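Colleague: Got a structure for you, upload_14.cif, holding mmCIF, C-alpha atoms (C1' of nucleotides).
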data_final
#
loop_
_atom_site.label_atom_id
_atom_site.label_comp_id
_atom_site.auth_asym_id
_atom_site.auth_seq_id
_atom_site.Cartn_x
_atom_site.Cartn_y
_atom_site.Cartn_z
CA MET G 1 -116.07 15.95 59.88
CA GLN G 2 -118.43 17.24 62.49
CA ARG G 3 -119.74 20.52 63.80
CA CYS G 4 -118.51 21.67 67.18
CA CYS G 5 -120.77 24.48 68.35
CA PRO G 6 -122.43 27.46 66.67
CA PRO G 7 -123.09 28.09 62.99
CA PRO G 8 -119.84 28.76 61.18
CA THR G 9 -119.29 32.08 59.47
CA VAL G 10 -116.24 31.61 57.33
CA ASP G 11 -115.62 34.42 54.89
CA THR G 12 -115.30 32.67 51.55
CA THR G 13 -115.06 35.85 49.51
CA ASP G 14 -112.51 35.51 46.76
CA ARG G 15 -109.52 37.62 47.75
CA GLY G 16 -107.25 36.77 44.88
CA ALA G 17 -106.83 40.42 43.98
CA GLU G 18 -105.82 41.43 47.49
CA ALA G 19 -103.49 38.44 47.75
CA GLY G 20 -101.86 39.51 44.50
CA LEU G 21 -101.25 42.97 45.91
CA PHE G 22 -99.74 41.61 49.12
CA LYS G 23 -97.65 39.16 47.14
CA ALA G 24 -96.12 42.08 45.26
CA LEU G 25 -95.26 43.55 48.66
CA GLY G 26 -93.71 40.30 49.85
CA ASP G 27 -90.10 40.98 48.89
CA PRO G 28 -87.58 43.17 50.74
CA SER G 29 -86.10 44.62 47.56
CA ARG G 30 -89.49 45.61 46.21
CA LEU G 31 -90.37 47.18 49.55
CA ALA G 32 -87.14 49.18 49.38
CA MET G 33 -88.09 50.52 45.98
CA LEU G 34 -91.65 51.29 47.08
CA ALA G 35 -90.42 53.01 50.23
CA THR G 36 -88.07 55.09 48.11
CA LEU G 37 -90.80 56.06 45.67
CA ALA G 38 -93.26 56.81 48.46
CA ARG G 39 -90.79 59.24 50.03
CA ALA G 40 -89.57 60.81 46.80
CA ASP G 41 -91.57 63.86 45.86
CA ASP G 42 -91.07 63.17 42.19
CA GLU G 43 -89.82 60.25 40.15
CA VAL G 44 -86.77 58.06 40.67
CA CYS G 45 -84.41 56.88 37.95
CA VAL G 46 -83.84 53.16 37.52
CA CYS G 47 -80.11 53.81 37.58
CA ASP G 48 -80.46 54.94 41.20
CA PHE G 49 -81.92 51.58 42.15
CA THR G 50 -79.26 49.62 40.32
CA ALA G 51 -76.61 51.75 41.98
CA ALA G 52 -77.96 51.49 45.51
CA LEU G 53 -79.42 48.01 45.77
CA PRO G 54 -77.30 44.86 46.02
CA LEU G 55 -78.95 43.32 42.98
CA ASN G 56 -77.94 42.91 39.41
CA GLN G 57 -79.57 45.09 36.78
CA PRO G 58 -81.88 42.42 35.30
CA THR G 59 -83.15 41.61 38.78
CA ILE G 60 -83.98 45.27 39.41
CA SER G 61 -85.84 45.38 36.12
CA HIS G 62 -87.69 42.22 37.03
CA HIS G 63 -88.87 43.58 40.38
CA LEU G 64 -89.95 46.85 38.81
CA LYS G 65 -91.98 44.90 36.30
CA ILE G 66 -93.77 43.07 39.09
CA LEU G 67 -94.58 46.37 40.80
CA ARG G 68 -95.75 47.75 37.47
CA GLU G 69 -98.03 44.81 36.76
CA ALA G 70 -99.43 45.11 40.28
CA GLY G 71 -100.38 48.69 39.41
CA LEU G 72 -98.30 50.07 42.24
CA VAL G 73 -95.87 52.10 40.12
CA SER G 74 -95.81 53.75 36.74
CA CYS G 75 -92.86 54.61 34.57
CA GLU G 76 -91.90 57.07 31.90
CA ARG G 77 -88.94 57.04 29.56
CA ARG G 78 -87.07 60.26 28.96
CA GLY G 79 -84.12 59.73 26.70
CA THR G 80 -81.89 56.92 27.80
CA TRP G 81 -83.27 56.83 31.31
CA VAL G 82 -86.53 55.49 32.69
CA TYR G 83 -88.13 57.14 35.69
CA TYR G 84 -90.51 55.41 38.06
CA ARG G 85 -93.04 56.94 40.40
CA LEU G 86 -95.57 55.61 42.86
CA ALA G 87 -98.93 55.11 41.15
CA GLY G 88 -101.46 57.76 42.03
CA ASP G 89 -103.85 55.32 43.64
CA ALA G 90 -101.23 53.04 45.17
CA ARG G 91 -101.79 54.30 48.70
CA GLU G 92 -105.57 53.88 48.63
CA ARG G 93 -105.29 50.53 46.83
CA VAL G 94 -103.13 48.91 49.50
CA ALA G 95 -105.10 50.57 52.27
CA ALA G 96 -108.34 49.27 50.77
CA ALA G 97 -106.91 45.78 50.42
CA LEU G 98 -105.83 45.74 54.03
CA ARG G 99 -109.13 47.17 55.18
CA SER G 100 -111.03 44.54 53.21
CA VAL G 101 -109.26 41.81 55.16
CA ILE G 102 -108.89 43.40 58.58
CA PRO G 103 -111.42 46.23 58.69
CA GLU G 104 -110.33 47.79 61.97
CA ALA G 105 -106.66 47.85 61.01
CA ILE G 106 -107.09 51.22 59.37
CA PRO G 107 -109.10 54.11 60.86
CA ALA G 108 -111.25 54.92 57.86
CA MET R 1 -73.32 52.89 35.26
CA GLN R 2 -73.68 56.61 35.45
CA ARG R 3 -75.62 59.20 37.42
CA CYS R 4 -78.45 60.96 35.67
CA CYS R 5 -79.34 64.03 37.73
CA PRO R 6 -79.65 64.78 41.44
CA PRO R 7 -78.26 62.85 44.40
CA PRO R 8 -80.09 59.56 44.77
CA THR R 9 -81.98 58.82 47.94
CA VAL R 10 -82.76 55.13 47.79
CA ASP R 11 -84.14 53.71 51.00
CA THR R 12 -81.88 50.74 51.73
CA THR R 13 -83.42 49.97 55.10
CA ASP R 14 -83.77 46.23 55.59
CA ARG R 15 -87.45 45.43 55.35
CA GLY R 16 -87.23 41.68 55.66
CA ALA R 17 -89.62 41.67 58.59
CA GLU R 18 -92.26 43.67 56.75
CA ALA R 19 -91.81 41.53 53.64
CA GLY R 20 -92.33 38.43 55.77
CA LEU R 21 -95.60 39.83 57.06
CA PHE R 22 -96.84 40.70 53.58
CA LYS R 23 -95.74 37.32 52.31
CA ALA R 24 -97.98 35.69 54.91
CA LEU R 25 -100.82 37.83 53.51
CA GLY R 26 -100.03 36.80 49.95
CA ASP R 27 -102.40 33.86 49.66
CA PRO R 28 -106.17 33.96 49.07
CA SER R 29 -106.90 31.11 51.49
CA ARG R 30 -104.93 32.73 54.28
CA LEU R 31 -106.69 36.03 53.64
CA ALA R 32 -110.02 34.23 53.90
CA MET R 33 -109.04 32.83 57.29
CA LEU R 34 -107.75 36.20 58.49
CA ALA R 35 -110.88 37.98 57.27
CA THR R 36 -112.98 35.43 59.12
CA LEU R 37 -111.00 35.82 62.32
CA ALA R 38 -111.01 39.61 62.05
CA ARG R 39 -114.80 39.62 61.84
CA ALA R 40 -115.43 36.95 64.44
CA ASP R 41 -115.87 38.42 67.89
CA ASP R 42 -114.36 35.36 69.47
CA GLU R 43 -112.42 32.37 68.25
CA VAL R 44 -113.05 30.13 65.26
CA CYS R 45 -112.72 26.34 65.22
CA VAL R 46 -110.40 24.72 62.71
CA CYS R 47 -113.22 22.42 61.71
CA ASP R 48 -115.13 25.44 60.39
CA PHE R 49 -112.27 26.26 58.05
CA THR R 50 -111.93 22.70 56.80
CA ALA R 51 -115.67 22.59 56.25
CA ALA R 52 -115.94 25.90 54.40
CA LEU R 53 -112.75 26.20 52.41
CA PRO R 54 -112.06 24.15 49.27
CA LEU R 55 -108.83 22.78 50.71
CA ASN R 56 -107.85 19.52 52.25
CA GLN R 57 -107.33 19.36 55.99
CA PRO R 58 -103.50 19.20 55.92
CA THR R 59 -103.45 22.28 53.70
CA ILE R 60 -105.64 24.18 56.15
CA SER R 61 -103.34 23.19 58.97
CA HIS R 62 -100.34 24.29 56.93
CA HIS R 63 -101.76 27.75 56.25
CA LEU R 64 -102.72 28.21 59.89
CA LYS R 65 -99.18 27.35 60.85
CA ILE R 66 -97.84 30.04 58.53
CA LEU R 67 -100.21 32.61 60.05
CA ARG R 68 -99.17 31.43 63.52
CA GLU R 69 -95.46 31.75 62.76
CA ALA R 70 -96.09 35.21 61.34
CA GLY R 71 -97.58 36.15 64.70
CA LEU R 72 -100.92 37.04 63.14
CA VAL R 73 -103.03 34.44 64.93
CA SER R 74 -102.93 32.45 68.13
CA CYS R 75 -104.57 29.15 68.96
CA GLU R 76 -105.86 27.27 71.94
CA ARG R 77 -106.86 23.64 72.23
CA ARG R 78 -110.02 22.76 74.11
CA GLY R 79 -110.71 19.09 74.02
CA THR R 80 -110.59 17.62 70.58
CA TRP R 81 -110.95 20.96 68.86
CA VAL R 82 -108.50 23.78 68.31
CA TYR R 83 -109.71 27.34 68.21
CA TYR R 84 -107.91 30.18 66.46
CA ARG R 85 -108.21 33.90 67.03
CA LEU R 86 -106.63 36.98 65.55
CA ALA R 87 -103.53 37.96 67.51
CA GLY R 88 -104.05 40.94 69.76
CA ASP R 89 -101.48 43.07 67.98
CA ALA R 90 -102.17 41.78 64.47
CA ARG R 91 -103.98 44.93 63.39
CA GLU R 92 -101.30 47.33 64.56
CA ARG R 93 -98.52 45.08 63.24
CA VAL R 94 -99.79 45.06 59.67
CA ALA R 95 -100.72 48.73 59.86
CA ALA R 96 -97.22 49.57 61.10
CA ALA R 97 -95.62 47.49 58.36
CA LEU R 98 -97.64 49.25 55.70
CA ARG R 99 -96.97 52.64 57.24
CA SER R 100 -93.24 51.93 57.34
CA VAL R 101 -93.24 51.39 53.59
CA ILE R 102 -95.84 53.92 52.43
CA PRO R 103 -96.22 56.40 55.29
CA GLU R 104 -99.19 58.32 53.94
CA ALA R 105 -101.18 55.18 53.18
CA ILE R 106 -102.58 55.15 56.69
CA PRO R 107 -103.88 58.22 58.56
CA ALA R 108 -102.02 57.77 61.79
"C1'" DC L 1 -74.28 54.37 10.21
"C1'" DG L 2 -71.69 52.83 14.25
"C1'" DC L 3 -70.73 52.96 18.95
"C1'" DA L 4 -71.75 53.60 23.88
"C1'" DT L 5 -75.01 53.60 27.60
"C1'" DA L 6 -79.42 52.37 29.96
"C1'" DT L 7 -83.13 49.33 30.38
"C1'" DA L 8 -85.83 45.19 29.20
"C1'" DT L 9 -86.21 40.43 27.91
"C1'" DT L 10 -84.78 35.57 27.64
"C1'" DG L 11 -83.20 31.25 29.42
"C1'" DA L 12 -81.55 28.70 33.10
"C1'" DC L 13 -80.86 27.30 37.90
"C1'" DG L 14 -82.05 26.44 42.65
"C1'" DC L 15 -85.14 27.08 46.14
"C1'" DG L 16 -89.49 27.75 48.30
"C1'" DC L 17 -94.42 27.28 48.26
"C1'" DA L 18 -99.23 25.29 47.76
"C1'" DT L 19 -101.24 21.08 47.62
"C1'" DC L 20 -102.19 16.40 48.58
"C1'" DG L 21 -102.06 11.39 50.64
"C1'" DA L 22 -100.50 8.94 54.43
"C1'" DT L 23 -99.45 8.85 59.04
"C1'" DA L 24 -98.71 10.48 63.73
"C1'" DA L 25 -100.29 12.90 67.91
"C1'" DT L 26 -103.96 14.26 70.95
"C1'" DT L 27 -108.30 13.92 73.09
"C1'" DG L 28 -112.98 11.94 74.35
"C1'" DC L 29 -115.65 8.10 75.17
"C1'" DC L 30 -116.85 3.24 75.80
"C1'" DG V 1 -106.97 -0.19 77.11
"C1'" DG V 2 -109.25 0.40 72.58
"C1'" DC V 3 -111.71 2.96 69.18
"C1'" DA V 4 -113.34 7.14 66.78
"C1'" DA V 5 -112.67 11.92 65.67
"C1'" DT V 6 -109.87 16.24 65.19
"C1'" DT V 7 -105.63 18.34 64.22
"C1'" DA V 8 -100.65 18.32 63.12
"C1'" DT V 9 -96.67 16.51 60.79
"C1'" DC V 10 -94.19 14.07 57.09
"C1'" DG V 11 -92.96 13.06 52.27
"C1'" DA V 12 -93.63 13.88 47.66
"C1'" DT V 13 -94.95 16.54 43.58
"C1'" DG V 14 -95.49 20.36 40.52
"C1'" DC V 15 -95.28 25.07 39.98
"C1'" DG V 16 -93.75 29.74 40.82
"C1'" DC V 17 -90.22 32.95 42.41
"C1'" DG V 18 -85.67 35.36 42.97
"C1'" DT V 19 -81.45 35.57 40.91
"C1'" DC V 20 -78.04 35.81 37.39
"C1'" DA V 21 -75.46 35.78 32.63
"C1'" DA V 22 -76.29 36.64 28.05
"C1'" DT V 23 -78.69 39.00 24.75
"C1'" DA V 24 -81.96 42.20 22.79
"C1'" DT V 25 -84.03 46.81 22.53
"C1'" DA V 26 -83.92 51.72 22.72
"C1'" DT V 27 -81.88 56.14 22.86
"C1'" DG V 28 -78.08 59.60 22.21
"C1'" DC V 29 -73.99 61.04 19.98
"C1'" DG V 30 -70.35 61.52 16.64
#
If you took the structure in this file and wrote it as structure tokens, what would it be?

Modeller:
Amino acid sequence: MQRCCPPPTVDTTDRGAEAGLFKALGDPSRLAMLATLARADDEVCVCDFTAALPLNQPTISHHLKILREAGLVSCERRGTWVYYRLAGDARERVAAALRSVIPEAIPA
Amino acid sequence: MQRCCPPPTVDTTDRGAEAGLFKALGDPSRLAMLATLARADDEVCVCDFTAALPLNQPTISHHLKILREAGLVSCERRGTWVYYRLAGDARERVAAALRSVIPEAIPA
DNA sequence: CGCATATATTGACGCGCATCGATAATTGCC
DNA sequence: GGCAATTATCGATGCGCGTCAATATATGCG
């Protein structure tokens, strides 16, 4: 191992949190749910996801749990049905994560 | 399976490409390399990564290959050393992917 | 209470990923 | 050509992920 030219400036900041966020975004089905929630003015029923997506019900529930634990969505039970909505700070959280890695990728 | 209330509007657009991009961002070591490249004005030598990151050399090479295949970085060999740089359209690509999922997450 | 429906959890399976050691490929230098 | 150094590839290993069937939990209704 040998140096080549100038002093190295490798960013060794721990980005486990940001990686966790992006990992939650790393599945097409989860992106479909997030895109739906981001465009819905109010909440979306789980039954809509199970009806529209080509996945079995436990798989839907599993993906929603991952989004929940990532803090990207929140849910509320009303009667038999459970309604999900985009978390209030989801937009700024992902934007901040992206900005922390590639600062100029987002205006401000 | 039964409807609950209004017509569902689940976004079933295929987001495999966006998910692939986010999946490439879903690792702390790869984020460290990307953050380094995004802040470096010019290119960064592989030897700097192997020297600074707590990973073995084959693992570094493996992660760089993933970033390369995701189109996020490009590389050029000069002599014994290989230099990586952030791809020219990396910033707009990730911004567009994020915007396509959560439109209001990014200003423009 | 008992039944039906909606959602969550559990357990299992197969595949992909992160990591490493060993080795190959490439280049520079003698 | 031969040797040393840098990077890439290969093979293997262990773990995590996406998926499903089966089951559990929760709610509403009669």

Colleague: Put chain R on top of chain G with a least-squares fit on all C-alpha atoms, paired in order, and send it back as a PDB file with C-alpha atoms, keeping the file's coordinate frame.

Modeller:
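Saved to part21.pdb:
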ATOM      1  CA  MET R   1    -115.994  15.973  59.940  1.00  0.00           C
ATOM      2  CA  GLN R   2    -118.360  17.266  62.535  1.00  0.00           C
ATOM      3  CA  ARG R   3    -119.633  20.585  63.847  1.00  0.00           C
ATOM      4  CA  CYS R   4    -118.381  21.724  67.209  1.00  0.00           C
ATOM      5  CA  CYS R   5    -120.675  24.512  68.403  1.00  0.00           C
ATOM      6  CA  PRO R   6    -122.383  27.477  66.756  1.00  0.00           C
ATOM      7  CA  PRO R   7    -123.066  28.110  63.075  1.00  0.00           C
ATOM      8  CA  PRO R   8    -119.818  28.794  61.259  1.00  0.00           C
ATOM      9  CA  THR R   9    -119.316  32.089  59.509  1.00  0.00           C
ATOM     10  CA  VAL R  10    -116.264  31.603  57.340  1.00  0.00           C
ATOM     11  CA  ASP R  11    -115.638  34.411  54.902  1.00  0.00           C
ATOM     12  CA  THR R  12    -115.325  32.653  51.545  1.00  0.00           C
ATOM     13  CA  THR R  13    -115.098  35.841  49.519  1.00  0.00           C
ATOM     14  CA  ASP R  14    -112.526  35.495  46.760  1.00  0.00           C
ATOM     15  CA  ARG R  15    -109.569  37.625  47.741  1.00  0.00           C
ATOM     16  CA  GLY R  16    -107.282  36.765  44.871  1.00  0.00           C
ATOM     17  CA  ALA R  17    -106.868  40.412  43.962  1.00  0.00           C
ATOM     18  CA  GLU R  18    -105.865  41.420  47.474  1.00  0.00           C
ATOM     19  CA  ALA R  19    -103.528  38.432  47.737  1.00  0.00           C
ATOM     20  CA  GLY R  20    -101.899  39.496  44.476  1.00  0.00           C
ATOM     21  CA  LEU R  21    -101.269  42.950  45.884  1.00  0.00           C
ATOM     22  CA  PHE R  22     -99.767  41.594  49.095  1.00  0.00           C
ATOM     23  CA  LYS R  23     -97.692  39.135  47.122  1.00  0.00           C
ATOM     24  CA  ALA R  24     -96.150  42.052  45.238  1.00  0.00           C
ATOM     25  CA  LEU R  25     -95.281  43.535  48.651  1.00  0.00           C
ATOM     26  CA  GLY R  26     -93.742  40.279  49.831  1.00  0.00           C
ATOM     27  CA  ASP R  27     -90.143  40.958  48.867  1.00  0.00           C
ATOM     28  CA  PRO R  28     -87.608  43.129  50.721  1.00  0.00           C
ATOM     29  CA  SER R  29     -86.125  44.597  47.534  1.00  0.00           C
ATOM     30  CA  ARG R  30     -89.517  45.595  46.196  1.00  0.00           C
ATOM     31  CA  LEU R  31     -90.403  47.158  49.538  1.00  0.00           C
ATOM     32  CA  ALA R  32     -87.177  49.150  49.387  1.00  0.00           C
ATOM     33  CA  MET R  33     -88.122  50.490  45.963  1.00  0.00           C
ATOM     34  CA  LEU R  34     -91.673  51.278  47.071  1.00  0.00           C
ATOM     35  CA  ALA R  35     -90.444  52.993  50.234  1.00  0.00           C
ATOM     36  CA  THR R  36     -88.085  55.069  48.122  1.00  0.00           C
ATOM     37  CA  LEU R  37     -90.803  56.040  45.677  1.00  0.00           C
ATOM     38  CA  ALA R  38     -93.265  56.795  48.471  1.00  0.00           C
ATOM     39  CA  ARG R  39     -90.800  59.220  50.035  1.00  0.00           C
ATOM     40  CA  ALA R  40     -89.569  60.790  46.825  1.00  0.00           C
ATOM     41  CA  ASP R  41     -91.586  63.841  45.886  1.00  0.00           C
ATOM     42  CA  ASP R  42     -91.059  63.157  42.226  1.00  0.00           C
ATOM     43  CA  GLU R  43     -89.798  60.259  40.175  1.00  0.00           C
ATOM     44  CA  VAL R  44     -86.756  58.062  40.701  1.00  0.00           C
ATOM     45  CA  CYS R  45     -84.380  56.876  37.977  1.00  0.00           C
ATOM     46  CA  VAL R  46     -83.802  53.165  37.526  1.00  0.00           C
ATOM     47  CA  CYS R  47     -80.086  53.816  37.612  1.00  0.00           C
ATOM     48  CA  ASP R  48     -80.431  54.940  41.235  1.00  0.00           C
ATOM     49  CA  PHE R  49     -81.913  51.584  42.164  1.00  0.00           C
ATOM     50  CA  THR R  50     -79.244  49.609  40.340  1.00  0.00           C
ATOM     51  CA  ALA R  51     -76.600  51.735  42.012  1.00  0.00           C
ATOM     52  CA  ALA R  52     -77.978  51.453  45.544  1.00  0.00           C
ATOM     53  CA  LEU R  53     -79.448  47.987  45.773  1.00  0.00           C
ATOM     54  CA  PRO R  54     -77.312  44.838  46.026  1.00  0.00           C
ATOM     55  CA  LEU R  55     -78.965  43.309  42.974  1.00  0.00           C
ATOM     56  CA  ASN R  56     -77.952  42.907  39.400  1.00  0.00           C
ATOM     57  CA  GLN R  57     -79.579  45.107  36.792  1.00  0.00           C
ATOM     58  CA  PRO R  58     -81.863  42.423  35.281  1.00  0.00           C
ATOM     59  CA  THR R  59     -83.148  41.612  38.760  1.00  0.00           C
ATOM     60  CA  ILE R  60     -83.975  45.262  39.394  1.00  0.00           C
ATOM     61  CA  SER R  61     -85.816  45.413  36.106  1.00  0.00           C
ATOM     62  CA  HIS R  62     -87.689  42.238  36.992  1.00  0.00           C
ATOM     63  CA  HIS R  63     -88.883  43.583  40.341  1.00  0.00           C
ATOM     64  CA  LEU R  64     -89.958  46.868  38.782  1.00  0.00           C
ATOM     65  CA  LYS R  65     -91.971  44.923  36.261  1.00  0.00           C
ATOM     66  CA  ILE R  66     -93.769  43.071  39.046  1.00  0.00           C
ATOM     67  CA  LEU R  67     -94.586  46.364  40.784  1.00  0.00           C
ATOM     68  CA  ARG R  68     -95.748  47.772  37.440  1.00  0.00           C
ATOM     69  CA  GLU R  69     -98.022  44.811  36.730  1.00  0.00           C
ATOM     70  CA  ALA R  70     -99.436  45.108  40.237  1.00  0.00           C
ATOM     71  CA  GLY R  71    -100.396  48.677  39.382  1.00  0.00           C
ATOM     72  CA  LEU R  72     -98.304  50.079  42.217  1.00  0.00           C
ATOM     73  CA  VAL R  73     -95.882  52.107  40.111  1.00  0.00           C
ATOM     74  CA  SER R  74     -95.799  53.766  36.727  1.00  0.00           C
ATOM     75  CA  CYS R  75     -92.838  54.638  34.550  1.00  0.00           C
ATOM     76  CA  GLU R  76     -91.870  57.112  31.901  1.00  0.00           C
ATOM     77  CA  ARG R  77     -88.886  57.095  29.586  1.00  0.00           C
ATOM     78  CA  ARG R  78     -87.001  60.322  29.011  1.00  0.00           C
ATOM     79  CA  GLY R  79     -84.043  59.822  26.786  1.00  0.00           C
ATOM     80  CA  THR R  80     -81.828  56.994  27.839  1.00  0.00           C
ATOM     81  CA  TRP R  81     -83.219  56.871  31.346  1.00  0.00           C
ATOM     82  CA  VAL R  82     -86.471  55.525  32.713  1.00  0.00           C
ATOM     83  CA  TYR R  83     -88.083  57.154  35.695  1.00  0.00           C
ATOM     84  CA  TYR R  84     -90.487  55.423  38.060  1.00  0.00           C
ATOM     85  CA  ARG R  85     -93.035  56.939  40.398  1.00  0.00           C
ATOM     86  CA  LEU R  86     -95.564  55.603  42.845  1.00  0.00           C
ATOM     87  CA  ALA R  87     -98.923  55.102  41.149  1.00  0.00           C
ATOM     88  CA  GLY R  88    -101.462  57.749  42.024  1.00  0.00           C
ATOM     89  CA  ASP R  89    -103.860  55.300  43.625  1.00  0.00           C
ATOM     90  CA  ALA R  90    -101.229  53.017  45.152  1.00  0.00           C
ATOM     91  CA  ARG R  91    -101.816  54.273  48.679  1.00  0.00           C
ATOM     92  CA  GLU R  92    -105.576  53.859  48.611  1.00  0.00           C
ATOM     93  CA  ARG R  93    -105.309  50.506  46.817  1.00  0.00           C
ATOM     94  CA  VAL R  94    -103.151  48.888  49.479  1.00  0.00           C
ATOM     95  CA  ALA R  95    -105.123  50.556  52.253  1.00  0.00           C
ATOM     96  CA  ALA R  96    -108.370  49.250  50.753  1.00  0.00           C
ATOM     97  CA  ALA R  97    -106.939  45.755  50.395  1.00  0.00           C
ATOM     98  CA  LEU R  98    -105.856  45.715  54.012  1.00  0.00           C
ATOM     99  CA  ARG R  99    -109.157  47.164  55.159  1.00  0.00           C
ATOM    100  CA  SER R 100    -111.069  44.531  53.200  1.00  0.00           C
ATOM    101  CA  VAL R 101    -109.292  41.800  55.133  1.00  0.00           C
ATOM    102  CA  ILE R 102    -108.930  43.382  58.578  1.00  0.00           C
ATOM    103  CA  PRO R 103    -111.447  46.233  58.679  1.00  0.00           C
ATOM    104  CA  GLU R 104    -110.366  47.784  61.958  1.00  0.00           C
ATOM    105  CA  ALA R 105    -106.694  47.831  61.002  1.00  0.00           C
ATOM    106  CA  ILE R 106    -107.110  51.204  59.350  1.00  0.00           C
ATOM    107  CA  PRO R 107    -109.074  54.138  60.815  1.00  0.00           C
ATOM    108  CA  ALA R 108    -111.158  55.004  57.815  1.00  0.00           C
TER     109      ALA R 108
END

Colleague: Report as an MDAnalysis selection string the full result of the PyMOL selection byres ((chain L and resi 7-24) around 8) when it is applied to this structure.

Modeller: (chainID G and resid 58 61 81:82) or (chainID R and resid 56 58:59) or (chainID L and resid 6 25) or (chainID V and resid 9:10 16:17 23:25)

Colleague: Neighbouring residues of G:Ser29 were defined as those with any atom within 10 Å, considering all atoms listed in the file; residues of the same chain fewer than 3 positions away were excluded. Please report them as a list in words.

Modeller: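 In the requested format, the answer is Leu25, Gly26, Ala32, Met33, Leu34, Ala35, Phe49, Leu53, Pro54, Leu55, Thr59, Ile60, His63 and Leu64 of chain G; Asp11, Thr12, Thr13, Asp14, Arg15, Gly16 and Ala19 of chain R.
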
Colleague: Write a file of the selected residues as a PDB file, in the coordinates of the input, keeping C-alpha atoms.

Modeller:
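selection19.pdb, freshly written:
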ATOM      1  CA  LEU G  25     -95.260  43.550  48.660  1.00  0.00           C
ATOM      2  CA  GLY G  26     -93.710  40.300  49.850  1.00  0.00           C
ATOM      3  CA  ALA G  32     -87.140  49.180  49.380  1.00  0.00           C
ATOM      4  CA  MET G  33     -88.090  50.520  45.980  1.00  0.00           C
ATOM      5  CA  LEU G  34     -91.650  51.290  47.080  1.00  0.00           C
ATOM      6  CA  ALA G  35     -90.420  53.010  50.230  1.00  0.00           C
ATOM      7  CA  PHE G  49     -81.920  51.580  42.150  1.00  0.00           C
ATOM      8  CA  LEU G  53     -79.420  48.010  45.770  1.00  0.00           C
ATOM      9  CA  PRO G  54     -77.300  44.860  46.020  1.00  0.00           C
ATOM     10  CA  LEU G  55     -78.950  43.320  42.980  1.00  0.00           C
ATOM     11  CA  THR G  59     -83.150  41.610  38.780  1.00  0.00           C
ATOM     12  CA  ILE G  60     -83.980  45.270  39.410  1.00  0.00           C
ATOM     13  CA  HIS G  63     -88.870  43.580  40.380  1.00  0.00           C
ATOM     14  CA  LEU G  64     -89.950  46.850  38.810  1.00  0.00           C
TER      15      LEU G  64
ATOM     16  CA  ASP R  11     -84.140  53.710  51.000  1.00  0.00           C
ATOM     17  CA  THR R  12     -81.880  50.740  51.730  1.00  0.00           C
ATOM     18  CA  THR R  13     -83.420  49.970  55.100  1.00  0.00           C
ATOM     19  CA  ASP R  14     -83.770  46.230  55.590  1.00  0.00           C
ATOM     20  CA  ARG R  15     -87.450  45.430  55.350  1.00  0.00           C
ATOM     21  CA  GLY R  16     -87.230  41.680  55.660  1.00  0.00           C
ATOM     22  CA  ALA R  19     -91.810  41.530  53.640  1.00  0.00           C
TER      23      ALA R  19
END

Colleague: As an exercise, work out the distance from atom CA of R:Ala87 to atom CA of R:Leu72 in Å and give it to one decimal place.

Modeller: 5.2 Å

Colleague: Suppose you want the space between atom CA of R:Ala97 and atom CA of G:Glu76; what is it in Å?

Modeller: 28.4 Å

Colleague: For atom CA of R:Phe22 and atom CA of G:Lys23, quote the distance in Å rounded to one decimal.

Modeller: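 It comes out at 6.7 Å.
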
Colleague: What are the residues of chain V that have an atom within 10 Å of an atom of chain G, counting only C-alpha atoms (C1' of nucleotides), as a list in words?

Modeller: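 On the chain V side, the interface is DA5, DT6, DG18, DT19, DC20, DA21, DA26, DT27 and DG28 of chain V.
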
Colleague: Identify which of the residues G:Glu104, G:Asp89, G:Glu18, G:Asp48 lies closest to chain L, counting only C-alpha atoms (C1' of nucleotides) when measuring atom-to-atom distances.

Modeller: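 Among G:Glu104, G:Asp89, G:Glu18, G:Asp48, it is G:Asp48 that comes nearest to chain L.
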
Colleague: Write out as an NGL selection string each polymer residue whose atoms come within 12 Å of L:DC30, counting only C-alpha atoms (C1' of nucleotides); drop sequence neighbours fewer than 2 positions from it.

Modeller: (:L and (28)) or (:V and (1-4))

Colleague: With distances taken over all atoms listed in the file, which of R:Arg91, R:Ile66, R:Leu37, R:Val46 is nearest to chain L?

Modeller: R:Ile66

Colleague: Given the file shown, enumerate the residues that the PyMOL selection byres ((chain G and resi 73) around 9) captures and present them as a list in words.

Modeller: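 Evaluating the PyMOL selection byres ((chain G and resi 73) around 9) on this file yields Leu34, Leu37, Leu64, Leu67, Arg68, Glu69, Ala70, Gly71, Leu72, Ser74, Cys75, Tyr84, Arg85, Leu86, Ala87, Gly88 and Ala90 of chain G.
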
Colleague: Which of these residues is nearest to R:Arg30, using all atoms listed in the file: G:Ala96, G:Val10, G:Ile106, G:Ala51?

Modeller: G:Val10

Colleague: Translate the PyMOL selection byres ((chain G and resi 44) around 6), as applied to the file shown, into an explicit residue set as a list in words.

Modeller: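 Those residues are Glu43, Cys45, Tyr83 and Tyr84 of chain G.
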
Colleague: Just to be explicit: take each residue in the selection above, keep C-alpha atoms, and write the result as a PDB file, in the frame of the given file.

Modeller:
ATOM      1  CA  GLU G  43     -89.820  60.250  40.150  1.00  0.00           C
ATOM      2  CA  CYS G  45     -84.410  56.880  37.950  1.00  0.00           C
ATOM      3  CA  TYR G  83     -88.130  57.140  35.690  1.00  0.00           C
ATOM      4  CA  TYR G  84     -90.510  55.410  38.060  1.00  0.00           C
TER       5      TYR G  84
END

Colleague: Point out the residue among R:Ala105, R:Leu98, R:Ala24, R:Ala40 with the least atom-to-atom distance to chain G, counting only C-alpha atoms.

Modeller: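 Closest residue, counting only C-alpha atoms: R:Ala105.
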
Colleague: Centre and edge lengths, as AutoDock Vina command-line options, for the axis-aligned box enclosing every listed atom of stretch 42-60 of chain R with 6 Å of padding on each of the six sides, in Å to one decimal?

Modeller:
--center_x -109.7 --center_y 27.3 --center_z 59.4 --size_x 24.5 --size_y 28.2 --size_z 32.2
